[in-house]
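What follows is one structure encoded as structure tokens, with my remarks underneath.
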Amino acid sequence: MLKKLCPLFFCLGFLLPTHSQIIEKIEPYHIRTIQFKGNSDQSQLPIIRLGERLQLSFDAINAEEDDYYYTITHHNYDWSESDLSKGEFLDGFDDVRIETYTNSLNALQLYSHYTLTIPNRETRRIKKSGNYLLSIFNEDGELEFTRKFMIMEQEVSVPVEIKRSRDISFIDTKQSVQFSINSPNKLLINPNKNVKTLILKNSNLKTAIRNLTPQYTIGSELIYRYDQETAFWAGNEYLNFDSKETRGANNSIRRIELNDLFDHYLYTNLARTDRPYTYFPDINGNFVVRTFGINDDRNSNIEAEYIRMHFKLQYYEDIGDKEIHIYGNFNNWSIDESTYMQYDEASDSYTNTRLFKQGFYNYQYVLVDRDGTIDPGAISGNYWQTENDYTVLVYYRGPGERFDRIIGYGRANSNNINNN
């Protein structure tokens, strides 16, 4: 018999601290399906070059056509606010209303779809590289939600390789990121102090590895060939569901009901820690809004339905006073009340019902400790073969400079993992 779980107050309905001096605001219930990207990137953490475009979109399901405003702030490597004035990093101004919105069409759930593109008429250009925070406020000046993004210059090259762990204890469960910084045309003064790095797995800033110094230098190249210091738990391929067809079950959705909204019931999931690894293509925790039906030319931004997804997990390990949550980029990797898996004594399983806009979604189940620590491998397992995307960002603050620039960027995928 599974132990019944009491909700943890730390994760219900308020701000969650990150590894930074700012606090990210989790969106309220009426704000749904936030999509934040640069170019075609679906990661929800845009990393763009100077001059490239950003696009934010979200739905407000209160159907009140509220006004929303945005601000942009520049931040240092540690996410403390930089000393730059607004005019130094912004050409134009912010703190203006999001003007583009459209009401839903033919959907059971009424909502308004808002879109913000930067640059625009008011915010003409972002002039500096570095960390940025986009904050969305309502008409009363109350913060609704925030999203982070990065802007980079490409002044150095950053070759990245993914290795199996050299520690025999973790050789089957961890993936290590090794990289170098090559700067033949730029002198990096005092790199142990002035150069900082950030390593991301699947664009999840909440699990990033920070504050590494180069191990040694060869000519103009800084070498980072750590093992455990740059090792991530490999995880497992994500589970998924596809709700593009509101009335048709598929290999992940076993039953559908039509009430005031569509209810989709997923097949029961089981723990995967003691099962052999099986490759199954995923999109590394991300999601895509899409629809499918008689009218194939529908605009999914405003014609997609909102569906109540019903999750069920059978997990027989004693979790003590920890919690189980669904986890993914559908809400910016956040743990909140909407992701909490409630124990159901009748079925001896954990269940959750959450509202999702029609589309294809990746998700996994994670174990959350009382201090907010997330263990993604407790239920899904960790397998060195798992396909993951890794990103390395290089920050630099030269002598006399007043902010941390991003001067380089490298990426690699664990499909190319090796033991050398």
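Note on naming: chains are A, B, ... as they come in the structure tokens, residues start from 1 per chain, ligands start from 1 in the order shown.
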- Message: Need to verify the contact set: A:Asn62, 10 Å, only C-alpha atoms, exclusion of same-chain residues closer than 3 positions in sequence. Can you return it as a ChimeraX atom specification?
- Response: /A:29-31,59,65-66,109-112
- Enumerate, as number ranges by chain, the complete set of residues in stretch 110-191 of chain A that a backbone-based DSSP assignment places in strand (DSSP E or B). A: 112-118, 123-126, 130-138, 143-152, 156-157, 160-164, 174-182
- Non-local contacts of A:Thr339 (9 Å; only C-alpha atoms; under 3 positions in same chain excluded) as a VMD selection string: chain A and resid 324 to 327 334 to 336 352 to 354
Print the selection's residues with all heavy atoms to a file, as a short mmCIF file (atom, residue, chain, number, x, y, z; two decimals), in the first residue's frame.
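So the final result, stored in result-v8.cif, reads:
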data_model
loop_
_atom_site.label_atom_id
_atom_site.label_comp_id
_atom_site.auth_asym_id
_atom_site.auth_seq_id
_atom_site.Cartn_x
_atom_site.Cartn_y
_atom_site.Cartn_z
N ILE A 324 5.49 13.68 -5.40
CA ILE A 324 5.67 13.35 -6.81
C ILE A 324 4.97 14.43 -7.64
O ILE A 324 3.84 14.83 -7.34
CB ILE A 324 5.10 11.96 -7.14
CG1 ILE A 324 5.86 10.88 -6.38
CG2 ILE A 324 5.16 11.68 -8.65
CD1 ILE A 324 5.30 9.48 -6.55
N HIS A 325 5.67 14.91 -8.67
CA HIS A 325 5.13 15.94 -9.57
C HIS A 325 5.37 15.54 -11.01
O HIS A 325 6.31 14.80 -11.33
CB HIS A 325 5.81 17.28 -9.31
CG HIS A 325 5.37 17.96 -8.05
ND1 HIS A 325 4.51 19.04 -8.03
CD2 HIS A 325 5.66 17.70 -6.75
CE1 HIS A 325 4.31 19.42 -6.79
NE2 HIS A 325 5.00 18.63 -5.99
N ILE A 326 4.51 16.04 -11.91
CA ILE A 326 4.83 15.98 -13.33
C ILE A 326 5.74 17.16 -13.63
O ILE A 326 5.62 18.23 -13.02
CB ILE A 326 3.57 15.98 -14.21
CG1 ILE A 326 2.63 17.15 -13.86
CG2 ILE A 326 2.83 14.67 -14.12
CD1 ILE A 326 1.45 17.28 -14.79
N TYR A 327 6.66 16.96 -14.59
CA TYR A 327 7.76 17.91 -14.76
C TYR A 327 8.07 18.04 -16.24
O TYR A 327 8.13 17.05 -16.96
CB TYR A 327 8.97 17.38 -14.00
CG TYR A 327 10.14 18.32 -13.85
CD1 TYR A 327 10.01 19.54 -13.21
CD2 TYR A 327 11.40 17.95 -14.34
CE1 TYR A 327 11.10 20.37 -13.03
CE2 TYR A 327 12.50 18.78 -14.17
CZ TYR A 327 12.34 19.98 -13.52
OH TYR A 327 13.43 20.81 -13.35
N SER A 334 8.77 24.29 -13.68
CA SER A 334 8.37 24.73 -12.34
C SER A 334 7.60 23.63 -11.61
O SER A 334 6.87 22.85 -12.22
CB SER A 334 7.50 25.99 -12.42
OG SER A 334 8.24 27.07 -12.95
N ILE A 335 7.78 23.60 -10.30
CA ILE A 335 7.02 22.72 -9.42
C ILE A 335 5.99 23.59 -8.71
O ILE A 335 6.33 24.55 -8.01
CB ILE A 335 7.94 22.05 -8.39
CG1 ILE A 335 8.96 21.14 -9.10
CG2 ILE A 335 7.14 21.27 -7.36
CD1 ILE A 335 8.34 20.00 -9.86
N ASP A 336 4.71 23.30 -8.92
CA ASP A 336 3.67 24.10 -8.28
C ASP A 336 2.45 23.21 -7.99
O ASP A 336 2.49 21.99 -8.18
CB ASP A 336 3.28 25.31 -9.13
CG ASP A 336 2.79 24.95 -10.52
OD1 ASP A 336 2.23 23.84 -10.69
OD2 ASP A 336 2.94 25.76 -11.45
N ASN A 352 -3.21 13.11 -11.18
CA ASN A 352 -3.19 14.56 -11.37
C ASN A 352 -4.10 14.89 -12.53
O ASN A 352 -4.17 14.15 -13.52
CB ASN A 352 -1.77 15.06 -11.66
CG ASN A 352 -1.71 16.53 -12.03
OD1 ASN A 352 -2.05 16.93 -13.14
ND2 ASN A 352 -1.26 17.35 -11.10
N THR A 353 -4.79 16.02 -12.43
CA THR A 353 -5.58 16.55 -13.55
C THR A 353 -5.13 17.98 -13.79
O THR A 353 -5.18 18.81 -12.87
CB THR A 353 -7.08 16.51 -13.26
OG1 THR A 353 -7.48 15.17 -13.00
CG2 THR A 353 -7.87 17.06 -14.44
N ARG A 354 -4.66 18.27 -15.00
CA ARG A 354 -4.12 19.59 -15.29
C ARG A 354 -4.59 20.04 -16.67
O ARG A 354 -4.75 19.23 -17.58
CB ARG A 354 -2.59 19.57 -15.25
CG ARG A 354 -1.95 20.95 -15.30
CD ARG A 354 -0.43 20.85 -15.32
NE ARG A 354 0.20 22.15 -15.17
CZ ARG A 354 0.39 23.01 -16.16
NH1 ARG A 354 -0.01 22.70 -17.39
NH2 ARG A 354 0.96 24.17 -15.94
#
- Query: Using only C-alpha atoms, which of A:Tyr409, A:Tyr395, A:Phe149, A:Trp384 sits nearest A:Gln44?
  - Reply: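 Checking each of A:Tyr409, A:Tyr395, A:Phe149, A:Trp384 against A:Gln44, counting only C-alpha atoms, the winner is A:Phe149.
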- Query: What lies within 6 Å of stretch 262-270 of chain A using only C-alpha atoms, ignoring chain neighbours under 2 positions off, as a ChimeraX atom specification?
  - Reply: /A:252-258,307-314
Preceding selection exported with C-alpha atoms as a compact mmCIF listing (two decimals), in the first residue's frame:
# COMPACT_ATOMS: atom_id res chain seq x y z
CA SER A 252 -0.88 7.61 -25.04
CA ILE A 253 -4.54 8.59 -24.53
CA ARG A 254 -6.80 5.67 -23.63
CA ARG A 255 -10.16 7.41 -23.11
CA ILE A 256 -11.88 10.70 -23.95
CA GLU A 257 -14.93 12.37 -22.42
CA LEU A 258 -16.73 15.54 -23.41
CA ILE A 307 -8.11 19.91 -22.44
CA ARG A 308 -8.07 18.44 -18.97
CA MET A 309 -5.32 15.81 -19.02
CA HIS A 310 -5.64 13.03 -16.43
CA PHE A 311 -2.34 11.47 -15.31
CA LYS A 312 -1.96 8.24 -13.34
CA LEU A 313 1.25 6.74 -11.98
CA GLN A 314 1.73 3.47 -10.12
- Which residues come within 8 Å of A:Thr102, counting only C-alpha atoms, excluding same-chain residues fewer than 3 positions away, as a PyMOL selection string? chain A and resi 112-114+302
Selection file, N, CA, C and O atoms, as an mmCIF file, in the first residue's frame:
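Everything below was put into selection39.cif:
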data_model
loop_
_atom_site.group_PDB
_atom_site.id
_atom_site.type_symbol
_atom_site.label_atom_id
_atom_site.label_comp_id
_atom_site.auth_asym_id
_atom_site.auth_seq_id
_atom_site.Cartn_x
_atom_site.Cartn_y
_atom_site.Cartn_z
ATOM 1 N N SER A 112 -8.005 34.700 -24.371
ATOM 2 C CA SER A 112 -7.391 35.707 -25.228
ATOM 3 C C SER A 112 -5.933 35.335 -25.422
ATOM 4 O O SER A 112 -5.239 35.007 -24.451
ATOM 5 N N HIS A 113 -5.471 35.381 -26.662
ATOM 6 C CA HIS A 113 -4.102 35.001 -27.004
ATOM 7 C C HIS A 113 -3.286 36.265 -27.258
ATOM 8 O O HIS A 113 -3.592 37.066 -28.141
ATOM 9 N N TYR A 114 -2.224 36.454 -26.450
ATOM 10 C CA TYR A 114 -1.388 37.652 -26.518
ATOM 11 C C TYR A 114 -0.052 37.302 -27.166
ATOM 12 O O TYR A 114 0.518 36.236 -26.920
ATOM 13 N N ILE A 302 -5.483 30.360 -31.654
ATOM 14 C CA ILE A 302 -6.768 30.817 -31.130
ATOM 15 C C ILE A 302 -7.891 29.791 -31.287
ATOM 16 O O ILE A 302 -8.955 29.960 -30.690
#
- Task: as a ChimeraX atom specification, please: all residues of stretch 92-241 of chain A that backbone DSSP puts in helix (DSSP H, G or I).
- Result: /A:191-194,228-230
- One decimal, Å: what's the distance from atom CA of A:Trp79 over to atom CA of A:Ile126, could you say?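 Atom CA of A:Trp79 sits 17.6 Å away from atom CA of A:Ile126.
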- Query: So which residues touch A:Asp83 within 10 Å, counting only C-alpha atoms, skipping near sequence neighbours fewer than 3 positions away, as a list in words?
  - Reply: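 That gives His74, His75, Asn76, Ser80, Lys86, Glu88, Arg402 and Phe403 of chain A.
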How would the residues just chosen look if you wrote them out with C-alpha atoms as a tab-separated table (two decimals), in the first residue's frame?
chain	number	residue	atom	x	y	z
A	74	HIS	CA	19.72	43.50	-17.70
A	75	HIS	CA	21.48	41.15	-15.26
A	76	ASN	CA	24.95	39.96	-14.38
A	80	SER	CA	21.93	40.31	-9.82
A	86	LYS	CA	18.03	51.38	-19.37
A	88	GLU	CA	22.70	51.79	-22.19
A	402	ARG	CA	30.66	47.17	-15.82
A	403	PHE	CA	28.68	44.09	-16.81
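The nearest approach to A:Pro376 among the residues A:Gly130, A:Asn251, A:Gly235, A:Gln342, with only C-alpha atoms taken into account, belongs to A:Gly235.
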- Query: Of the candidates A:Ser180, A:Asn388, A:Asn39, A:Thr73, which one gets nearest to A:Leu222 if we count only C-alpha atoms?
  - Reply: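 Closest candidate: A:Ser180.
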- Find the residue from A:Glu323, A:Glu305, A:Asp227, A:Glu401 that sits nearest to A:Arg164; use only C-alpha atoms when measuring. A:Asp227
- Item | Separation of atom CA of A:Ala378 from atom CA of A:Lys322 in Å |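 Separating atom CA of A:Lys322 from atom CA of A:Ala378 is a distance of 11.5 Å.
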- Which residues, written as a PyMOL selection string, have at least one atom at most 9 Å from A:Gln215, with only C-alpha atoms counted and residues fewer than 6 positions away on the same chain left out? chain A and resi 222-226
- Query: A:Ile47, A:Ile168, A:Leu84, A:Ile136: which is nearest A:Glu27, counting only C-alpha atoms?
  - Reply: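 Looking only at the distances to A:Glu27, the closest residue turns out to be A:Ile136.
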- Task: Using atom CA of A:Asn419 and atom CA of A:Val394 as the two end points, give the distance in Å to one decimal.
- Result: 25.3 Å
- Pick the closest to A:Arg166 from A:Phe179, A:Thr115, A:Glu229, A:Tyr315: which is it, counting only C-alpha atoms?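 Checking each candidate against A:Arg166, we get A:Glu229 as the closest.
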